>>> print(open('model33.txt').read())   # compact mmCIF, C-alpha atoms and all ligand atoms
# COMPACT_ATOMS: atom_id res chain seq x y z
CA GLN Q 1 14.68 21.56 17.97
CA GLN Q 2 16.60 19.32 15.55
CA GLY Q 3 16.69 15.73 14.44
CA SER Q 4 16.86 13.00 11.85
CA VAL Q 5 14.40 10.62 10.20
CA THR Q 6 15.20 7.45 8.25
CA ALA Q 7 14.66 7.61 4.49
CA SER Q 8 14.26 4.19 2.88
CA PRO Q 9 14.22 3.38 -0.85
CA SER Q 10 10.65 2.54 -1.89
CA ASP Q 11 11.89 -0.34 -4.11
CA SER Q 12 15.00 -1.96 -5.55
CA MET Q 13 15.32 0.78 -8.19
CA ASP Q 14 15.46 3.66 -5.67
CA ASP Q 15 12.35 5.07 -7.38
CA SER Q 16 11.66 7.23 -4.32
CA TYR Q 17 12.57 7.48 -0.65
CA ILE Q 18 9.98 7.06 2.08
CA CYS Q 19 10.01 8.30 5.70
CA PRO Q 20 7.77 7.60 8.71
CA VAL Q 21 5.76 10.69 9.68
CA THR Q 22 3.22 11.00 12.49
CA THR Q 23 0.19 13.04 11.40
CA GLY Q 24 -2.23 13.49 14.30
CA SER Q 25 -1.89 10.15 16.08
CA ASN Q 26 -1.19 7.93 13.05
CA THR Q 27 2.19 7.13 11.53
CA LEU Q 28 2.22 7.17 7.72
CA HIS Q 29 5.04 6.56 5.24
CA LEU Q 30 5.50 9.67 3.12
CA ASP Q 31 7.65 10.67 0.14
CA PHE Q 32 9.72 13.80 0.95
CA ASP Q 33 9.59 15.92 -2.20
CA THR Q 34 11.73 19.05 -2.64
CA GLY Q 35 9.93 19.52 -5.99
CA SER Q 36 6.51 20.38 -4.54
CA SER Q 37 5.04 22.12 -1.48
CA ASP Q 38 1.92 20.25 -0.36
CA LEU Q 39 1.85 17.82 2.56
CA TRP Q 40 -0.95 15.49 1.53
CA VAL Q 41 -2.02 12.09 2.83
CA PHE Q 42 -4.40 9.24 2.29
CA SER Q 43 -7.07 9.65 4.91
CA THR Q 44 -10.43 8.55 6.29
CA ASP Q 45 -11.79 11.18 3.87
CA THR Q 46 -10.43 9.16 0.92
CA PRO Q 47 -13.16 6.99 -0.65
CA ALA Q 48 -12.86 3.41 0.59
CA SER Q 49 -12.48 2.32 -3.05
CA GLU Q 50 -9.28 4.39 -3.25
CA GLN Q 51 -7.82 3.71 0.20
CA GLY Q 52 -6.13 0.48 -0.98
CA SER Q 53 -3.90 -0.79 1.80
CA HIS Q 54 -2.66 2.67 2.75
CA SER Q 55 -2.22 3.88 6.30
CA LEU Q 56 -4.78 6.62 6.84
CA TYR Q 57 -4.74 10.03 8.52
CA ASN Q 58 -7.89 10.60 10.59
CA GLY Q 59 -8.52 14.34 10.49
CA GLU Q 60 -11.90 14.06 12.19
CA ALA Q 61 -10.25 12.43 15.20
CA THR Q 62 -7.29 14.74 15.84
CA GLY Q 63 -7.32 17.68 13.40
CA LYS Q 64 -9.10 21.00 13.05
CA LEU Q 65 -10.94 21.21 9.71
CA LEU Q 66 -10.08 24.40 7.78
CA SER Q 67 -13.64 24.86 6.60
CA GLY Q 68 -13.97 25.58 2.87
CA TYR Q 69 -10.24 25.05 2.19
CA THR Q 70 -9.33 22.80 -0.75
CA TRP Q 71 -6.23 21.70 -2.62
CA ASP Q 72 -5.60 20.19 -6.05
CA ILE Q 73 -2.14 19.22 -7.31
CA THR Q 74 -0.81 17.84 -10.60
CA TYR Q 75 2.73 16.51 -10.94
CA GLU Q 76 5.20 16.41 -13.81
CA ASP Q 77 4.45 12.77 -14.44
CA GLY Q 78 0.74 13.54 -14.85
CA SER Q 79 -0.29 12.03 -11.52
CA GLY Q 80 -2.29 14.09 -9.08
CA SER Q 81 -4.57 14.33 -6.07
CA LYS Q 82 -6.94 16.77 -4.38
CA GLY Q 83 -8.99 17.18 -1.23
CA ILE Q 84 -9.69 19.09 1.96
CA VAL Q 85 -7.45 20.57 4.66
CA TYR Q 86 -6.97 20.07 8.42
CA SER Q 87 -4.58 21.71 10.82
CA ASP Q 88 -2.88 19.15 13.03
CA LYS Q 89 0.33 18.11 14.77
CA VAL Q 90 2.96 16.59 12.47
CA VAL Q 91 6.08 14.93 13.87
CA ILE Q 92 9.12 14.02 11.75
CA GLY Q 93 11.87 12.35 13.76
CA PRO Q 94 12.04 14.50 16.93
CA VAL Q 95 10.86 17.64 15.11
CA THR Q 96 7.26 18.77 15.69
CA ALA Q 97 5.06 21.21 13.80
CA THR Q 98 2.12 21.88 16.11
CA SER Q 99 -0.24 23.41 13.50
CA GLN Q 100 0.68 21.96 10.12
CA ALA Q 101 -1.73 22.02 7.18
CA VAL Q 102 -2.43 18.34 6.56
CA GLU Q 103 -4.07 17.97 3.16
CA ALA Q 104 -6.44 14.98 3.22
CA ALA Q 105 -7.04 13.38 -0.19
CA THR Q 106 -10.64 12.99 -1.34
CA SER Q 107 -9.29 11.62 -4.59
CA ALA Q 108 -5.91 10.44 -5.88
CA SER Q 109 -4.80 9.19 -9.29
CA SER Q 110 -4.40 5.45 -9.83
CA GLY Q 111 -0.60 5.43 -9.46
CA PHE Q 112 -0.93 6.68 -5.89
CA VAL Q 113 -3.74 4.27 -5.03
CA SER Q 114 -1.73 1.26 -6.21
CA ASP Q 115 1.65 2.41 -4.82
CA THR Q 116 1.32 0.81 -1.39
CA SER Q 117 4.80 2.06 -0.33
CA THR Q 118 3.63 5.67 -0.14
CA ASP Q 119 0.77 7.12 1.92
CA GLY Q 120 1.33 10.64 0.61
CA LEU Q 121 3.93 13.37 0.21
CA VAL Q 122 5.74 15.96 2.31
CA GLY Q 123 6.40 18.93 0.04
CA LEU Q 124 9.69 20.65 0.85
CA ALA Q 125 9.91 23.19 -2.00
CA PHE Q 126 8.92 26.81 -1.28
CA SER Q 127 5.48 27.61 0.15
CA SER Q 128 4.85 29.99 -2.78
CA ILE Q 129 3.69 26.98 -4.84
CA ASN Q 130 1.47 25.35 -2.21
CA THR Q 131 -1.89 24.66 -3.88
CA VAL Q 132 -4.30 25.24 -0.94
CA GLU Q 133 -7.11 27.72 -1.62
CA PRO Q 134 -8.44 30.22 -0.59
CA GLN Q 135 -5.33 30.70 1.59
CA GLN Q 136 -1.96 29.16 0.67
CA GLN Q 137 -0.39 27.09 3.50
CA LEU Q 138 3.18 26.71 4.74
CA THR Q 139 5.37 23.65 4.22
CA PHE Q 140 6.56 21.63 7.20
CA PHE Q 141 10.02 23.21 6.87
CA ASP Q 142 8.62 26.75 6.77
CA ASN Q 143 6.49 25.96 9.84
CA VAL Q 144 9.40 24.64 11.94
CA LYS Q 145 12.42 26.53 10.58
CA SER Q 146 12.33 29.32 13.19
CA SER Q 147 12.35 26.68 15.93
CA LEU Q 148 15.22 24.67 14.41
CA ALA Q 149 18.75 25.05 15.80
CA SER Q 150 19.63 26.16 12.23
CA PRO Q 151 17.08 26.91 9.47
CA LEU Q 152 18.16 24.08 7.17
CA PHE Q 153 17.53 20.44 6.30
CA ALA Q 154 19.85 17.92 4.66
CA ALA Q 155 19.08 15.00 2.34
CA VAL Q 156 21.42 12.04 2.90
CA LEU Q 157 19.99 9.45 0.48
CA LYS Q 158 21.77 6.25 -0.44
CA HIS Q 159 21.76 3.68 -3.27
CA GLY Q 160 19.81 0.60 -2.20
CA LYS Q 161 19.86 1.29 1.52
CA ALA Q 162 18.41 3.58 4.14
CA GLY Q 163 19.67 7.13 4.56
CA THR Q 164 18.22 10.11 6.41
CA TYR Q 165 16.72 13.55 6.20
CA ASP Q 166 18.22 15.73 8.96
CA PHE Q 167 16.43 18.87 10.16
CA GLY Q 168 18.16 21.78 11.89
CA TYR Q 169 21.81 20.72 11.91
CA LEU Q 170 24.81 19.68 9.81
CA ASP Q 171 26.29 16.26 10.61
CA SER Q 172 29.97 16.16 9.68
CA SER Q 173 30.01 12.40 10.16
CA LYS Q 174 27.74 12.10 7.11
CA TYR Q 175 29.94 13.86 4.53
CA THR Q 176 33.57 14.13 3.52
CA GLY Q 177 35.53 17.23 2.56
CA SER Q 178 33.87 20.63 2.84
CA ILE Q 179 30.37 21.72 1.80
CA ALA Q 180 30.27 23.79 -1.41
CA TYR Q 181 27.47 26.37 -1.38
CA THR Q 182 25.66 27.79 -4.38
CA ALA Q 183 22.92 30.42 -4.61
CA VAL Q 184 19.28 29.32 -5.03
CA ASP Q 185 16.77 30.93 -7.39
CA ASN Q 186 13.39 30.21 -5.76
CA SER Q 187 11.41 32.46 -8.14
CA GLN Q 188 9.50 29.42 -9.49
CA GLY Q 189 9.07 27.93 -6.01
CA PHE Q 190 11.79 25.34 -6.52
CA TRP Q 191 15.33 24.87 -5.16
CA GLY Q 192 16.77 26.21 -8.40
CA PHE Q 193 20.52 26.51 -8.98
CA THR Q 194 23.08 26.70 -11.78
CA ALA Q 195 25.25 23.72 -12.67
CA GLY Q 196 28.32 24.21 -14.83
CA ALA Q 197 30.81 22.22 -16.88
CA THR Q 198 30.48 18.45 -17.23
CA THR Q 199 33.05 15.82 -18.20
CA VAL Q 200 33.04 12.10 -18.98
CA GLY Q 201 36.32 10.19 -19.16
CA GLY Q 202 38.29 13.44 -19.05
CA LYS Q 203 36.39 14.83 -22.06
CA SER Q 204 34.26 17.97 -21.82
CA THR Q 205 30.59 17.20 -22.47
CA GLY Q 206 29.15 20.72 -22.23
CA SER Q 207 27.63 22.94 -19.55
CA VAL Q 208 24.33 22.27 -17.76
CA GLY Q 209 22.86 25.69 -16.79
CA ALA Q 210 19.71 26.26 -14.69
CA ALA Q 211 18.50 23.20 -12.80
CA ILE Q 212 16.36 22.21 -9.81
CA MET Q 213 17.30 19.88 -6.94
CA ASP Q 214 14.33 17.54 -6.64
CA THR Q 215 14.23 14.56 -4.25
CA GLY Q 216 10.80 13.69 -5.69
CA THR Q 217 12.18 12.98 -9.17
CA THR Q 218 13.77 9.59 -9.64
CA LEU Q 219 16.20 10.20 -12.50
CA LEU Q 220 18.67 12.85 -13.71
CA TYR Q 221 17.25 14.94 -16.56
CA LEU Q 222 19.79 17.08 -18.45
CA PRO Q 223 20.16 19.12 -21.65
CA SER Q 224 20.21 16.78 -24.68
CA LYS Q 225 23.76 17.86 -25.66
CA VAL Q 226 25.13 16.66 -22.33
CA VAL Q 227 23.10 13.45 -22.44
CA SER Q 228 24.07 12.46 -25.99
CA ALA Q 229 27.73 13.16 -25.19
CA TYR Q 230 27.46 10.83 -22.19
CA TYR Q 231 25.87 7.93 -24.08
CA ALA Q 232 28.40 8.37 -26.91
CA GLN Q 233 30.77 6.78 -24.34
CA VAL Q 234 28.41 3.82 -23.77
CA LYS Q 235 28.86 1.01 -26.32
CA GLY Q 236 25.57 -0.19 -27.81
CA SER Q 237 23.48 2.64 -26.38
CA SER Q 238 20.69 4.30 -28.37
CA ASN Q 239 17.84 6.74 -27.85
CA SER Q 240 14.85 4.42 -28.18
CA ASN Q 241 11.43 5.51 -29.36
CA THR Q 242 10.06 2.20 -28.13
CA TYR Q 243 11.19 2.81 -24.57
CA GLY Q 244 11.04 6.63 -24.67
CA GLY Q 245 14.66 7.24 -23.75
CA TYR Q 246 18.27 6.07 -23.83
CA ILE Q 247 18.81 2.31 -23.46
CA PHE Q 248 21.93 0.15 -23.55
CA PRO Q 249 22.99 -3.49 -23.06
CA CYS Q 250 22.74 -4.28 -19.33
CA SER Q 251 26.33 -5.57 -19.58
CA ALA Q 252 27.63 -2.18 -20.76
CA THR Q 253 30.28 -0.39 -18.72
CA LEU Q 254 28.87 2.97 -17.66
CA PRO Q 255 31.42 5.77 -17.16
CA ASP Q 256 31.31 8.16 -14.18
CA TRP Q 257 29.78 11.57 -14.82
CA ASN Q 258 31.30 14.78 -13.41
CA VAL Q 259 29.65 18.19 -12.97
CA SER Q 260 30.89 21.47 -11.50
CA ILE Q 261 28.55 23.11 -8.94
CA GLY Q 262 29.54 26.00 -6.65
CA GLY Q 263 33.13 25.74 -7.90
CA THR Q 264 33.48 22.09 -6.89
CA THR Q 265 33.33 18.99 -9.10
CA PHE Q 266 30.84 16.30 -8.09
CA THR Q 267 30.77 12.77 -9.50
CA VAL Q 268 27.91 10.36 -10.13
CA THR Q 269 29.24 6.80 -10.14
CA GLY Q 270 28.67 5.16 -13.54
CA SER Q 271 26.75 2.19 -12.15
CA TYR Q 272 24.06 4.58 -10.82
CA PHE Q 273 23.11 5.27 -14.45
CA ASN Q 274 21.75 1.76 -14.87
CA TYR Q 275 18.14 2.35 -13.80
CA SER Q 276 16.76 -1.12 -14.54
CA PRO Q 277 16.07 -3.62 -17.32
CA VAL Q 278 13.42 -2.25 -19.72
CA SER Q 279 11.25 -5.19 -18.65
CA SER Q 280 11.79 -7.96 -16.18
CA GLY Q 281 14.55 -10.32 -17.31
CA SER Q 282 15.51 -8.22 -20.35
CA SER Q 283 19.22 -7.78 -21.19
CA THR Q 284 18.42 -4.24 -22.35
CA CYS Q 285 18.60 -1.60 -19.62
CA TYR Q 286 17.08 1.89 -19.30
CA GLY Q 287 19.34 4.81 -18.44
CA ALA Q 288 19.00 6.86 -15.25
CA MET Q 289 20.26 9.92 -17.18
CA GLN Q 290 17.71 11.13 -19.72
CA PRO Q 291 17.16 14.32 -21.75
CA ASN Q 292 15.18 17.12 -20.11
CA SER Q 293 12.72 16.97 -23.03
CA GLN Q 294 11.12 14.27 -20.85
CA THR Q 295 10.51 16.81 -18.07
CA GLY Q 296 9.03 19.63 -20.12
CA GLY Q 297 12.47 21.19 -20.68
CA SER Q 298 13.35 21.45 -16.98
CA THR Q 299 16.78 20.19 -15.96
CA VAL Q 300 16.17 18.13 -12.83
CA PHE Q 301 18.79 16.73 -10.47
CA GLY Q 302 16.72 13.86 -9.09
CA ASP Q 303 17.58 10.93 -6.84
CA THR Q 304 20.15 9.51 -9.29
CA PHE Q 305 22.32 12.55 -8.47
CA ILE Q 306 21.19 13.17 -4.89
CA LYS Q 307 21.93 9.69 -3.55
CA GLY Q 308 25.61 9.49 -2.65
CA HIS Q 309 25.77 13.21 -1.95
CA TYR Q 310 25.06 15.31 1.14
CA ILE Q 311 22.65 18.02 -0.01
CA VAL Q 312 21.79 20.92 2.31
CA PHE Q 313 18.64 22.97 1.70
CA ASP Q 314 19.72 26.07 3.59
CA GLN Q 315 18.17 29.36 4.74
CA THR Q 316 20.83 30.33 7.30
CA GLN Q 317 21.53 33.48 5.26
CA GLY Q 318 17.85 34.47 5.62
CA SER Q 319 14.72 33.28 3.82
CA ASN Q 320 15.45 35.74 1.02
CA SER Q 321 18.89 34.23 0.41
CA PRO Q 322 18.32 30.48 0.21
CA ARG Q 323 21.27 28.37 -0.88
CA LEU Q 324 22.17 24.77 -1.57
CA GLY Q 325 25.14 23.06 0.05
CA LEU Q 326 26.72 20.04 -1.57
CA ALA Q 327 29.30 17.58 -0.32
CA LYS Q 328 30.39 14.04 -1.09
CA GLN Q 329 29.06 11.37 1.31
C1 LIG Z 1 2.63 22.47 -7.41
C2 LIG Z 1 2.99 21.41 -8.40
C3 LIG Z 1 4.38 20.88 -8.23
C4 LIG Z 1 5.35 22.04 -8.29
C5 LIG Z 1 4.73 19.82 -9.27
N1 LIG Z 1 6.04 19.25 -8.98
C6 LIG Z 1 6.43 18.14 -9.62
O1 LIG Z 1 5.76 17.57 -10.45
C7 LIG Z 1 7.81 17.62 -9.29
C8 LIG Z 1 7.70 16.65 -8.12
O2 LIG Z 1 8.97 16.47 -7.55
C9 LIG Z 1 7.12 15.27 -8.53
C10 LIG Z 1 6.94 14.42 -7.28
C11 LIG Z 1 6.49 12.99 -7.57
C12 LIG Z 1 5.06 12.95 -8.10
C13 LIG Z 1 4.56 11.51 -8.27
C14 LIG Z 1 4.68 10.73 -6.98
C15 LIG Z 1 6.09 10.74 -6.44
C16 LIG Z 1 6.62 12.16 -6.29
N2 LIG Z 1 8.08 14.64 -9.44
C17 LIG Z 1 7.70 14.25 -10.68
O3 LIG Z 1 6.56 14.25 -11.08
C18 LIG Z 1 8.87 13.85 -11.58
C19 LIG Z 1 8.52 12.77 -12.55
N3 LIG Z 1 8.14 11.55 -11.86
C20 LIG Z 1 9.07 10.69 -11.38
O4 LIG Z 1 10.27 10.89 -11.38
C21 LIG Z 1 8.48 9.43 -10.77
C22 LIG Z 1 8.51 9.56 -9.25
C23 LIG Z 1 7.84 8.37 -8.64
C24 LIG Z 1 8.60 7.51 -7.87
C25 LIG Z 1 8.01 6.41 -7.26
C26 LIG Z 1 6.65 6.18 -7.45
C27 LIG Z 1 5.90 7.05 -8.25
C28 LIG Z 1 6.50 8.14 -8.85
N4 LIG Z 1 9.28 8.28 -11.20
C29 LIG Z 1 8.73 7.41 -12.06
O5 LIG Z 1 7.60 7.56 -12.45
N5 LIG Z 1 9.52 6.35 -12.46
C30 LIG Z 1 8.99 5.31 -13.31
C31 LIG Z 1 9.55 5.54 -14.67
C32 LIG Z 1 11.08 5.50 -14.62
N6 LIG Z 1 11.60 5.84 -15.95
C33 LIG Z 1 11.60 6.53 -13.59
C34 LIG Z 1 10.96 6.28 -12.25
C35 LIG Z 1 4.72 20.44 -10.66
O6 LIG Z 1 5.75 20.87 -11.17
N7 LIG Z 1 3.54 20.46 -11.27
C36 LIG Z 1 3.31 21.22 -12.49
C37 LIG Z 1 3.06 20.30 -13.65
C38 LIG Z 1 1.81 19.88 -13.96
N8 LIG Z 1 1.54 19.07 -15.02
C39 LIG Z 1 2.59 18.67 -15.76
C40 LIG Z 1 2.37 17.75 -16.92
N9 LIG Z 1 3.91 18.97 -15.49
C41 LIG Z 1 4.11 19.79 -14.40
N10 LIG Z 1 5.38 20.12 -14.08
>>> encode(input="model33.txt", output="structure tokens")
Amino acid sequence: QQGSVTASPSDSMDDSYICPVTTGSNTLHLDFDTGSSDLWVFSTDTPASEQGSHSLYNGEATGKLLSGYTWDITYEDGSGSKGIVYSDKVVIGPVTATSQAVEAATSASSGFVSDTSTDGLVGLAFSSINTVEPQQQLTFFDNVKSSLASPLFAAVLKHGKAGTYDFGYLDSSKYTGSIAYTAVDNSQGFWGFTAGATTVGGKSTGSVGAAIMDTGTTLLYLPSKVVSAYYAQVKGSSNSNTYGGYIFPCSATLPDWNVSIGGTTFTVTGSYFNYSPVSSGSSTCYGAMQPNSQTGGSTVFGDTFIKGHYIVFDQTQGSNSPRLGLAKQ
């Protein structure tokens, strides 16, 4: 099988990208996250006080309870959720997993409860970091990959408009030039890779090193040397304690940023580095490139990098030789 599902920005800042997913017989809007490996949803098992206006999965109606199984996840940004586990049919686009572990939330942190755009997450990192106990469960991709035309999925996210996640095939109409491949280190359960030399305005701004490709992270978090060299090219920028990161006048001209990955140079358009005003109506803006000290030291290529590129999460060389493919959209 193979197929594509629409991925829509959750808000005007491209904070995350949301896709319709049918779990059992209900369609929910879920955040596809290559930085975690649990598929969890708001459900009829979520306390009514926490259900908010979310669409709900009804495990009792369509799923098979995995008796005694639990899950409990905490994310980089301190948010989290936990609950019980069903096995059920999950359909993404035209791709079906017949017995997918659907993790029903019995509690979720306040950010999830109030974020009405998202009814849960589809974890697409490696199953080695799935949090279900007593027996770890497989991700949607791991469940379907042997039935896909090719064992791969592609993220085709866009700035301010709908893109897609494609499962099982490469779509040459969605990228230009050729795909550059680079080896993945999945020892920590992530789509880890090595990024190389960076330049801004023709000047070298240092090398990046080990990084992860994470659709579930909004911004681009890089070594401080690279970040400070970038903002040195942005008039009026500063690293603000007040706002916990680099800020600049919203009128500033933001230069493009270039990075070498898999022997090819990729560019993030300067305007993508304007995340948003620090508060509504302010003429001071917050940068979409920030130091990796904000992410516990991990260098994370989040949506700021991913949107505008064609990123292939690929196991065609075997599940022990995962790789990332990158191309320009
Ligand atoms: C099995 C755990 C799993 C691997 C887990 N993985 C992750 O945390 C990475 C994963 O991609 C998660 C997935 C998120 C979680 C929140 C909901 C949306 C998806 N990414 C992050 O936590 C990166 C930091 N957060 C973000 O980038 C969120 C994403 C978001 C978007 C829209 C709405 C709400 C949240 N963005 C914001 O909060 N924004 C508001 C602030 C603005 N400056 C940027 C945008 C982990 O590393 N946990 C270990 C961990 C635990 N505790 C801590 C403190 N750090 C940790 N790393």
>>> residues_near_ligand(input="model33.txt", ligand="ligand LIG 1 (chain Z)", cutoff="8 Å", atoms="only C-alpha atoms and all ligand atoms", output="VMD selection string")
chain Q and resid 10 15 to 16 31 33 to 38 73 to 80 111 to 112 115 118 121 125 129 to 131 189 to 190 214 to 219 275 286 288 295 to 296 302
>>> closest_residue(input="model33.txt", among="Q:Gln188, Q:Ser293, Q:Ser87, Q:Thr194", to="Thr23 (chain Q)", atoms="only C-alpha atoms")
Q:Ser87
>>> residues_near_point(input="model33.txt", point="(28.4, 9.5, 5.4)", cutoff="12 Å", atoms="only C-alpha atoms", output="PyMOL selection string")
chain Q and resi 155-158+162-164+170-177+307-311+327-329
>>> closest_residue(input="model33.txt", among="Q:Lys82, Q:Trp40, Q:Gln136, Q:Gly123", to="Glu103 (chain Q)", atoms="only C-alpha atoms")
Q:Trp40
>>> atom_distance(input="model33.txt", atom1="CA of Pro322 (chain Q)", atom2="CA of Phe153 (chain Q)")
11.8 Å
>>> residues_around(input="model33.txt", residues="Ser25 (chain Q)", least_positions_apart="3", cutoff="12 Å", atoms="only C-alpha atoms", output="ChimeraX atom specification")
/Q:21-22,28,55-63,88-91
>>> residues_around(input="model33.txt", residues="Ala105 (chain Q)", least_positions_apart="4", cutoff="9 Å", atoms="all atoms listed in the file", output="VMD selection string")
chain Q and resid 40 to 47 71 81 to 85 120
>>> axis_aligned_box(input="model33.txt", around="region 270-285 of chain Q", padding_each_side="6 Å", output="AutoDock Vina command-line options")
--center_x 20.0 --center_y -2.5 --center_z -16.6 --size_x 29.4 --size_y 27.6 --size_z 23.5
>>> closest_residue(input="model33.txt", among="Q:Val95, Q:Ala108, Q:Val226, Q:Val113", to="His54 (chain Q)", atoms="only C-alpha atoms")
Q:Val113
>>> residues_around(input="model33.txt", residues="Gln137 (chain Q)", least_positions_apart="4", cutoff="7 Å", atoms="all atoms listed in the file", output="VMD selection string")
chain Q and resid 101 127 130 132
>>> residues_around(input="model33.txt", residues="Ala183 (chain Q)", least_positions_apart="3", cutoff="8 Å", atoms="only C-alpha atoms", output="mmCIF file with C-alpha atoms, keeping the file's coordinate frame")
data_model
loop_
_atom_site.group_PDB
_atom_site.id
_atom_site.type_symbol
_atom_site.label_atom_id
_atom_site.label_comp_id
_atom_site.auth_asym_id
_atom_site.auth_seq_id
_atom_site.Cartn_x
_atom_site.Cartn_y
_atom_site.Cartn_z
ATOM 1 C CA PHE Q 193 20.520 26.510 -8.980
ATOM 2 C CA SER Q 321 18.890 34.230 0.410
ATOM 3 C CA PRO Q 322 18.320 30.480 0.210
ATOM 4 C CA ARG Q 323 21.270 28.370 -0.880
ATOM 5 C CA LEU Q 324 22.170 24.770 -1.570
#
>>> atom_distance(input="model33.txt", atom1="CA of Gln294 (chain Q)", atom2="CA of Trp191 (chain Q)")
19.4 Å
>>> closest_residue(input="model33.txt", among="Q:Gln315, Q:Ser53, Q:Asn241, Q:Gln290", to="Lys145 (chain Q)", atoms="only C-alpha atoms")
Q:Gln315
>>> closest_residue(input="model33.txt", among="Q:Gln1, Q:Ser204, Q:Gln100, Q:Ser237", to="Ala149 (chain Q)", atoms="only C-alpha atoms")
Q:Gln1
>>> residues_around(input="model33.txt", residues="Asp166 (chain Q)", least_positions_apart="3", cutoff="6 Å", atoms="all atoms listed in the file", output="PyMOL selection string")
chain Q and resi 3-4+153-154
>>> atom_distance(input="model33.txt", atom1="CA of Tyr230 (chain Q)", atom2="CA of Ser8 (chain Q)")
29.1 Å
>>> closest_residue(input="model33.txt", among="Q:Pro291, Q:Gly270, Q:Pro277, Q:Gly192", to="Gly245 (chain Q)", atoms="all atoms listed in the file")
Q:Pro291
>>> decode(input="model33.txt", residues="region 45-50 of chain Q", atoms="all heavy atoms", output="mmCIF file, in the first residue's frame")
data_model
loop_
_atom_site.group_PDB
_atom_site.id
_atom_site.type_symbol
_atom_site.label_atom_id
_atom_site.label_comp_id
_atom_site.auth_asym_id
_atom_site.auth_seq_id
_atom_site.Cartn_x
_atom_site.Cartn_y
_atom_site.Cartn_z
ATOM 1 N N ASP Q 45 -11.814 7.789 27.449
ATOM 2 C CA ASP Q 45 -11.197 7.463 28.749
ATOM 3 C C ASP Q 45 -10.532 8.689 29.382
ATOM 4 O O ASP Q 45 -9.994 8.595 30.490
ATOM 5 C CB ASP Q 45 -10.137 6.366 28.568
ATOM 6 C CG ASP Q 45 -10.748 5.051 28.124
ATOM 7 O OD1 ASP Q 45 -11.542 4.471 28.901
ATOM 8 O OD2 ASP Q 45 -10.474 4.634 26.984
ATOM 9 N N THR Q 46 -10.534 9.822 28.655
ATOM 10 C CA THR Q 46 -10.000 11.066 29.204
ATOM 11 C C THR Q 46 -11.081 11.688 30.083
ATOM 12 O O THR Q 46 -12.236 11.756 29.647
ATOM 13 C CB THR Q 46 -9.645 12.044 28.052
ATOM 14 O OG1 THR Q 46 -8.813 11.369 27.099
ATOM 15 C CG2 THR Q 46 -8.920 13.269 28.588
ATOM 16 N N PRO Q 47 -10.728 12.146 31.291
ATOM 17 C CA PRO Q 47 -11.760 12.759 32.145
ATOM 18 C C PRO Q 47 -12.490 13.872 31.395
ATOM 19 O O PRO Q 47 -11.863 14.638 30.648
ATOM 20 C CB PRO Q 47 -10.950 13.323 33.312
ATOM 21 C CG PRO Q 47 -9.678 12.553 33.326
ATOM 22 C CD PRO Q 47 -9.399 12.170 31.909
ATOM 23 N N ALA Q 48 -13.801 13.942 31.596
ATOM 24 C CA ALA Q 48 -14.593 14.957 30.881
ATOM 25 C C ALA Q 48 -14.008 16.354 31.091
ATOM 26 O O ALA Q 48 -13.983 17.176 30.182
ATOM 27 C CB ALA Q 48 -16.025 14.899 31.381
ATOM 28 N N SER Q 49 -13.446 16.582 32.291
ATOM 29 C CA SER Q 49 -12.886 17.911 32.607
ATOM 30 C C SER Q 49 -11.666 18.214 31.740
ATOM 31 O O SER Q 49 -11.242 19.367 31.629
ATOM 32 C CB SER Q 49 -12.482 17.949 34.078
ATOM 33 O OG SER Q 49 -11.485 16.951 34.310
ATOM 34 N N GLU Q 50 -11.087 17.201 31.122
ATOM 35 C CA GLU Q 50 -9.875 17.414 30.310
ATOM 36 C C GLU Q 50 -10.149 17.229 28.825
ATOM 37 O O GLU Q 50 -9.270 17.441 27.984
ATOM 38 C CB GLU Q 50 -8.759 16.452 30.757
ATOM 39 C CG GLU Q 50 -8.246 16.722 32.154
ATOM 40 C CD GLU Q 50 -7.009 15.880 32.490
ATOM 41 O OE1 GLU Q 50 -6.256 15.495 31.568
ATOM 42 O OE2 GLU Q 50 -6.813 15.601 33.685
#
